[in-house]
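K.L.:
Below is the file data_31.cif, which contains mmCIF, C-alpha atoms.
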```
data_structure
loop_
_atom_site.label_atom_id
_atom_site.label_comp_id
_atom_site.auth_asym_id
_atom_site.auth_seq_id
_atom_site.Cartn_x
_atom_site.Cartn_y
_atom_site.Cartn_z
CA MET A 1 2.21 56.08 -0.95
CA TYR A 2 -0.09 54.42 1.60
CA SER A 3 -2.82 54.08 -1.02
CA ALA A 4 -0.43 52.46 -3.51
CA GLY A 5 0.86 50.04 -0.90
CA SER A 6 -2.68 49.17 0.17
CA THR A 7 -3.71 48.54 -3.43
CA GLN A 8 -0.68 46.31 -4.00
CA SER A 9 -1.42 44.35 -0.82
CA THR A 10 -5.03 43.87 -1.90
CA TRP A 11 -3.86 42.65 -5.33
CA VAL A 12 -1.46 40.15 -3.71
CA ASP A 13 -4.23 38.88 -1.41
CA LYS A 14 -6.53 38.47 -4.38
CA CYS A 15 -3.90 36.53 -6.33
CA GLN A 16 -3.22 34.31 -3.30
CA LYS A 17 -6.94 33.63 -2.94
CA MET A 18 -7.24 32.72 -6.62
CA LEU A 19 -4.21 30.43 -6.37
CA SER A 20 -5.63 28.68 -3.31
CA GLU A 21 -8.96 28.19 -5.07
CA TYR A 22 -7.17 26.73 -8.10
CA LEU A 23 -5.18 24.30 -5.95
CA ASP A 24 -8.38 23.31 -4.13
CA THR A 25 -9.91 22.25 -7.45
CA LYS A 26 -7.01 19.81 -7.86
CA ARG A 27 -7.33 18.58 -4.27
CA PHE A 28 -11.07 18.10 -4.69
CA VAL A 29 -10.39 15.60 -7.49
CA PHE A 30 -7.46 13.90 -5.71
CA PRO A 31 -7.82 14.52 -1.94
CA ARG A 32 -4.39 13.04 -1.15
CA PHE A 33 -2.97 16.33 -2.44
CA TYR A 34 -4.08 17.78 0.91
CA PHE A 35 -1.15 15.88 2.45
CA ILE A 36 1.39 18.12 0.70
CA SER A 37 1.98 21.88 0.83
CA ASP A 38 0.92 24.41 -1.80
CA ASP A 39 4.52 24.80 -2.97
CA GLU A 40 4.93 21.04 -3.34
CA LEU A 41 1.67 20.74 -5.25
CA LEU A 42 2.69 23.61 -7.52
CA SER A 43 5.96 21.86 -8.34
CA ILE A 44 3.95 18.81 -9.47
CA LEU A 45 1.45 20.85 -11.48
CA GLY A 46 4.24 22.85 -13.08
CA SER A 47 5.67 19.76 -14.78
CA SER A 48 4.26 17.46 -17.44
CA ASP A 49 6.63 14.68 -16.34
CA PRO A 50 4.92 11.96 -14.22
CA GLN A 51 8.20 11.61 -12.32
CA ALA A 52 7.42 14.96 -10.68
CA VAL A 53 5.26 13.18 -8.08
CA GLN A 54 8.07 10.87 -6.94
CA PRO A 55 9.64 13.15 -4.25
CA PHE A 56 6.27 13.37 -2.50
CA MET A 57 5.01 9.79 -2.73
CA LEU A 58 5.76 9.00 0.92
CA LYS A 59 3.52 11.92 1.89
CA LEU A 60 0.77 10.99 -0.56
CA PHE A 61 0.70 7.24 0.17
CA ASP A 62 1.60 5.50 3.41
CA ASN A 63 5.02 3.85 3.03
CA CYS A 64 5.00 4.09 -0.77
CA LYS A 65 8.38 5.42 -1.86
CA GLU A 66 7.67 5.61 -5.58
CA ILE A 67 5.47 4.54 -8.44
CA GLN A 68 6.94 2.31 -11.13
CA LEU A 69 6.82 3.80 -14.64
CA ASN A 70 7.74 2.06 -17.89
CA ARG A 71 9.15 3.65 -21.02
CA THR A 72 5.69 4.54 -22.33
CA LYS A 73 4.90 6.37 -19.06
CA LEU A 74 2.41 3.77 -17.88
CA VAL A 75 2.27 3.28 -14.11
CA THR A 76 3.03 -0.42 -13.66
CA GLY A 77 3.23 -0.74 -9.87
CA MET A 78 4.55 0.64 -6.58
CA GLU A 79 7.59 0.24 -4.33
CA SER A 80 7.68 0.63 -0.55
CA ASP A 81 10.30 2.41 1.51
CA GLU A 82 11.78 -1.01 2.43
CA GLY A 83 12.07 -2.04 -1.22
CA GLU A 84 9.00 -4.25 -1.54
CA ARG A 85 7.47 -4.08 -5.01
CA TYR A 86 4.24 -5.22 -6.54
CA GLU A 87 2.91 -4.97 -10.07
CA PHE A 88 -0.49 -3.58 -10.93
CA LYS A 89 -2.99 -5.98 -12.46
CA GLU A 90 -3.82 -3.24 -14.95
CA TYR A 91 -1.27 -0.59 -15.93
CA GLN A 92 -2.48 3.01 -15.71
CA LYS A 93 -1.83 5.68 -18.34
CA THR A 94 -0.52 9.14 -17.50
CA GLU A 95 -0.20 10.78 -20.90
CA GLY A 96 -3.10 12.95 -21.98
CA LEU A 97 -4.48 13.19 -18.44
CA ALA A 98 -4.17 15.86 -15.77
CA VAL A 99 -2.06 14.68 -12.85
CA GLU A 100 -5.00 14.68 -10.42
CA HIS A 101 -6.94 12.37 -12.76
CA TRP A 102 -4.23 9.81 -13.44
CA MET A 103 -3.22 9.79 -9.78
CA THR A 104 -6.85 9.00 -8.93
CA LEU A 105 -6.68 6.05 -11.33
CA VAL A 106 -3.42 4.94 -9.70
CA ASP A 107 -5.05 5.13 -6.26
CA LYS A 108 -7.99 2.98 -7.38
CA GLU A 109 -5.74 0.45 -9.10
CA MET A 110 -3.54 0.23 -6.01
CA GLN A 111 -6.57 -0.75 -3.93
CA SER A 112 -7.89 -3.15 -6.56
CA THR A 113 -4.54 -4.87 -7.06
CA LEU A 114 -3.86 -5.25 -3.34
CA LYS A 115 -7.30 -6.78 -2.79
CA LYS A 116 -6.67 -9.33 -5.54
CA ILE A 117 -3.15 -10.10 -4.29
CA THR A 118 -4.49 -10.58 -0.76
CA LYS A 119 -7.29 -12.88 -1.90
CA GLU A 120 -4.80 -14.99 -3.86
CA ALA A 121 -2.45 -15.17 -0.87
CA ILE A 122 -5.25 -16.28 1.47
CA PHE A 123 -6.32 -18.94 -1.01
CA PHE A 124 -2.81 -20.43 -1.30
CA TYR A 125 -1.97 -20.22 2.42
CA SER A 126 -3.08 -23.78 3.17
CA LYS A 127 -1.59 -25.15 -0.05
CA GLU A 128 2.01 -24.04 0.51
CA GLU A 129 4.71 -24.47 3.14
CA ARG A 130 4.23 -21.54 5.51
CA THR A 131 7.73 -20.04 5.56
CA SER A 132 7.85 -20.13 1.76
CA TRP A 133 4.42 -18.50 1.67
CA VAL A 134 5.54 -15.71 4.01
CA ARG A 135 8.63 -14.92 1.94
CA LYS A 136 6.61 -14.96 -1.28
CA HIS A 137 4.13 -12.23 -0.34
CA LEU A 138 4.14 -8.57 0.65
CA GLY A 139 4.47 -8.01 4.39
CA MET A 140 1.01 -6.49 4.83
CA VAL A 141 -0.52 -9.25 2.70
CA ALA A 142 1.20 -11.92 4.79
CA ILE A 143 -0.12 -10.29 7.97
CA VAL A 144 -3.72 -10.20 6.69
CA GLY A 145 -3.54 -13.75 5.34
CA THR A 146 -2.06 -15.09 8.58
CA GLN A 147 -4.71 -13.33 10.68
CA VAL A 148 -7.53 -14.65 8.51
CA TRP A 149 -6.30 -18.22 8.77
CA TRP A 150 -5.48 -17.92 12.49
CA THR A 151 -9.03 -16.71 13.14
CA TRP A 152 -10.49 -19.57 11.13
CA ARG A 153 -8.32 -22.15 12.89
CA VAL A 154 -9.26 -20.86 16.35
CA GLU A 155 -12.96 -20.94 15.47
CA ASP A 156 -12.47 -24.44 14.09
CA VAL A 157 -10.84 -25.52 17.36
CA PHE A 158 -13.84 -24.27 19.34
CA ARG A 159 -16.12 -26.22 16.99
CA LYS A 160 -14.10 -29.39 17.52
CA VAL A 161 -14.17 -28.93 21.29
CA ARG A 162 -17.95 -28.53 21.22
CA GLU A 163 -18.16 -31.73 19.20
CA GLY A 164 -16.22 -33.59 21.89
CA ASN A 165 -12.59 -33.47 20.75
CA LYS A 166 -10.88 -32.66 24.05
CA TYR A 167 -7.44 -32.63 22.42
CA ALA A 168 -8.28 -30.03 19.77
CA MET A 169 -6.90 -27.04 21.70
CA LYS A 170 -3.67 -28.83 22.52
CA GLN A 171 -3.23 -29.96 18.91
CA GLU A 172 -3.76 -26.44 17.62
CA SER A 173 -1.31 -25.03 20.17
CA SER A 174 1.28 -27.51 18.95
CA LYS A 175 0.64 -26.46 15.33
CA GLN A 176 1.01 -22.76 16.18
CA THR A 177 4.22 -23.46 18.11
CA ASP A 178 5.66 -25.35 15.14
CA ASP A 179 4.81 -22.44 12.83
CA LEU A 180 6.55 -20.01 15.18
CA ASN A 181 9.62 -22.22 15.51
CA ASN A 182 9.84 -22.49 11.71
CA LEU A 183 9.94 -18.69 11.46
CA ILE A 184 12.60 -18.55 14.18
CA GLY A 185 14.65 -21.08 12.24
CA LEU A 186 14.26 -19.00 9.08
CA VAL A 187 15.47 -15.84 10.82
CA ARG A 188 18.62 -17.67 11.89
CA GLN A 189 19.47 -18.50 8.31
CA ASP A 190 21.43 -16.29 5.92
CA ILE A 191 18.55 -14.33 4.38
CA ASN A 192 18.43 -10.86 2.84
CA ASN A 193 17.38 -7.79 4.82
CA LEU A 194 14.03 -7.48 3.05
CA ASP A 195 12.99 -11.04 3.98
CA LEU A 196 14.21 -10.42 7.51
CA SER A 197 12.09 -7.28 7.86
CA LEU A 198 9.04 -9.11 6.47
CA ILE A 199 9.36 -11.87 9.07
CA HIS A 200 9.78 -9.35 11.88
CA ILE A 201 6.49 -7.73 10.85
#
```
Mind converting the file's structure to structure tokens?
P.N.:
Amino acid sequence: MYSAGSTQSTWVDKCQKMLSEYLDTKRFVFPRFYFISDDELLSILGSSDPQAVQPFMLKLFDNCKEIQLNRTKLVTGMESDEGERYEFKEYQKTEGLAVEHWMTLVDKEMQSTLKKITKEAIFFYSKEERTSWVRKHLGMVAIVGTQVWWTWRVEDVFRKVREGNKYAMKQESSKQTDDLNNLIGLVRQDINNLDLSLIHI
């Protein structure tokens, strides 16, 4: 009886080792799968439906609640936990590809799209009214764009001071105060919860 039990235990250990090695091959291709458990990964691999990844998106991607899929099962964008959405510049196919491969493509397109969106936002910052610009863009994009322009404006103030403009610092302080007061005025208006959360960021 002991021998049979020992043999069975050895067989179970061998199967577990083989399963772990199989799952590691998937994680090697798409390392974000390390953020979820073996059981969760198995539930994804056990389905051919791209929707199978949805329950685990917040674990796989920071603050990404779900991927957006169209009727032809193309990944068209992402949605955050707060309800912010953005559309991919290039839709990504899921059919005919293993989940670890199309998720890798989604990951790369997410980064590519966000870089392009951020560059566009930074470009239009000085061409649009600031409160409208803030409400128009994703929260993280608005933060990056604001920081880029704030840094440039501060450096520009130092340049003006060196060139002899003794009022440059005071003028910039007044501009920054006006920007802040405009945001305060916007918060006091009747705006939706998503816009309110973006401004608070």
K.L.:
I would like the residues chosen by the PyMOL selection byres ((chain A and resi 56-63) around 8) on the shown file; could you give them as a count of residues only?
P.N.:
14
K.L.:
Show me the residues around (2.1, -13.4, 4.6) - criterion: an atom at most 10 Å away, all atoms listed in the file counted - as a list in words.
P.N.:
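Every polymer residue passing the test: Thr118, Ala121, Ile122, Tyr125, Arg130, Thr131, Ser132, Trp133, Val134, Arg135, Lys136, His137, Leu138, Gly139, Met140, Val141, Ala142, Ile143, Val144, Gly145, Thr146, Gln147, Leu198, Ile199 and Ile201 of chain A.
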K.L.:
Those same residues, written as a CSV table (one decimal), in the frame of the given file with C-alpha atoms?
P.N.:
```
chain,number,residue,atom,x,y,z
A,118,THR,CA,-4.5,-10.6,-0.8
A,121,ALA,CA,-2.4,-15.2,-0.9
A,122,ILE,CA,-5.2,-16.3,1.5
A,125,TYR,CA,-2.0,-20.2,2.4
A,130,ARG,CA,4.2,-21.5,5.5
A,131,THR,CA,7.7,-20.0,5.6
A,132,SER,CA,7.8,-20.1,1.8
A,133,TRP,CA,4.4,-18.5,1.7
A,134,VAL,CA,5.5,-15.7,4.0
A,135,ARG,CA,8.6,-14.9,1.9
A,136,LYS,CA,6.6,-15.0,-1.3
A,137,HIS,CA,4.1,-12.2,-0.3
A,138,LEU,CA,4.1,-8.6,0.6
A,139,GLY,CA,4.5,-8.0,4.4
A,140,MET,CA,1.0,-6.5,4.8
A,141,VAL,CA,-0.5,-9.2,2.7
A,142,ALA,CA,1.2,-11.9,4.8
A,143,ILE,CA,-0.1,-10.3,8.0
A,144,VAL,CA,-3.7,-10.2,6.7
A,145,GLY,CA,-3.5,-13.8,5.3
A,146,THR,CA,-2.1,-15.1,8.6
A,147,GLN,CA,-4.7,-13.3,10.7
A,198,LEU,CA,9.0,-9.1,6.5
A,199,ILE,CA,9.4,-11.9,9.1
A,201,ILE,CA,6.5,-7.7,10.8
```
K.L.:
Compare A:Phe88, A:Phe30, A:Trp152, A:Tyr167 by their minimum atom-to-atom distance to A:Lys115, counting only C-alpha atoms, and give me the closest one.
P.N.:
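Comparing A:Phe88, A:Phe30, A:Trp152, A:Tyr167 against A:Lys115, the winner is A:Phe88.
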K.L.:
Go through the shown structure with the PyMOL selection byres ((chain A and resi 99-112) around 8) and write out the matching residues as an NGL selection string.
P.N.:
:A and (26-27 or 29-30 or 45 or 50 or 75 or 77 or 88-90 or 92-94 or 97-98 or 113-116)
K.L.:
I'd like the interatomic distance between atom CA of A:Gly185 and atom CA of A:Glu129, to a tenth of an Å.
P.N.:
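The value is 13.9 Å.
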K.L.:
Provide the atom CA of A:Gln171 to atom CA of A:Val157 distance in Å, to one decimal place.
P.N.:
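Value for the atom CA of A:Gln171-atom CA of A:Val157 distance: 8.9 Å.
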